[in-house]
Each structure stands twice: as C-alpha cells, then as structure tokens.
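Here is the structure we will look at.
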Amino acid sequence: MPAHSILPHRTPEGPGPVPRGAHLPARGTRAGPVPDRSRPAWAVPAALGFVLFLYTVFLAHENGFSELGGWLLGLVTAAVATGIGYGLVRERNAMITEVRAATYGALAGITIGFLHSVAGGTWLRSLGIGLACAVLVGLASYNLFHWHEKHGR
C-alpha cells in the first residue's frame, strides 16, 4: 500500500460560475455568521482610475498635447479603465480562475502599453511592453487567486 493513500484525499472546489442573485454563505464563528464588511466594489477601480487620470494628463502635457487635449485624454482614459475595472471586480465571482487572471492581465497590459505610447514610445515598443506587462500581471494574479482558493483564504 503506497504511503500517500494513508492521507485523506480532498480536491478543492473551484469557484466556477455563480448564478446571478445567489448569495454566498457568510463566514461563521462561534458567535454566529460574520457579515461581509469588505470595501465596496467601486473603491479600488475608482482610486486606480484617479491615479491613471493624473498620470495620463501629466504624460500628455509633457509630450506636446494641448491643455484641453491632455485633460480630455486623461478623462477618457480614466473613465474607460475605471468602468472596465469596476465590471471585472463586480463579476469576479462568476469567472473561473484562469479567465479572471487573463482579464486582469489584459486590462493592465493594455493600460501600460497605452501609457507608454502617450509618453512618446513607438507603437511596436508600446505593444511589447504592454504584452510583457499583461503576461506578468496575468501570471501573478493567477498565482494569487489559485493560492487563495487552495488555502481557503
């Protein structure tokens, strides 16, 4: 009898698709269920969108955009990235780990590549930097998501 058969074998369930309107069970303690007091879904995308707005305006003004053009470019960039980020955060429980990691990687890669092009980089170099960033963020987020699922945190 092999040694590994002594230990109980338990495979963790993946998050899988969650039906709309389904409520996830609350964490429990001896005192009862603990309500979910995590930050609202809009907090992180809004903060990152604000930083992206300021940085895009700075890069645009440093690279020859007009005053109004730089502010409009920053506003549109922040609005699009914040909207997509908010959608990803809201629907994160409905996506499997691989798809969730790929979407976060794609959003980060597109954003970084765009910022590099606004800074004056060539389109080919911006594409390469964006692709490298997308792969790195995708792999890092997959590792993080998989770790949390595996260890139940």
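Ordering of the structure tokens sets the chain letters (A, B, ...), residue numbers begin anew at 1 in every chain, and ligands are numbered from 1 in the order given.
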Query raised in the report: Excluding same-chain residues fewer than 3 positions from His146 in chain A, what lies within 10 Å of it counting only C-alpha atoms, as a list of chain:residue names?
Result: A:Gly14, A:Thr97, A:Glu98, A:Ala101, A:Ala140, A:Ser141, A:Tyr142, A:Asn143, A:Glu149, A:Lys150, A:His151, A:Gly152
Create the file for the chosen residues now, containing C-alpha atoms and written as a short mmCIF file (atom, residue, chain, number, x, y, z; two decimals), in the first residue's frame.
data_model
loop_
_atom_site.label_atom_id
_atom_site.label_comp_id
_atom_site.auth_asym_id
_atom_site.auth_seq_id
_atom_site.Cartn_x
_atom_site.Cartn_y
_atom_site.Cartn_z
CA GLY A 14 -13.17 25.81 -7.89
CA THR A 97 -9.55 31.49 -12.02
CA GLU A 98 -7.86 31.36 -15.42
CA ALA A 101 -6.37 36.23 -14.24
CA ALA A 140 0.93 36.88 -10.83
CA SER A 141 -2.83 37.20 -10.43
CA TYR A 142 -3.37 33.55 -11.36
CA ASN A 143 -0.85 32.55 -8.73
CA GLU A 149 -8.59 29.07 -3.46
CA LYS A 150 -6.25 26.30 -2.44
CA HIS A 151 -5.70 27.56 1.09
CA GLY A 152 -9.19 28.91 1.67
#
**Asked** Excluding same-chain residues fewer than 6 positions from Leu73 in chain A, what lies within 12 Å of it counting only C-alpha atoms, as a PyMOL selection string?
**Response** chain A and resi 52-61+65-67+79-80+114-115+118
* Straight-line distance linking CA of Ala94 in chain A with CA of Val44 in chain A, stated in Å to one decimal ->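 Atom-to-atom, CA of Ala94 in chain A to CA of Val44 in chain A, that is 18.8 Å.
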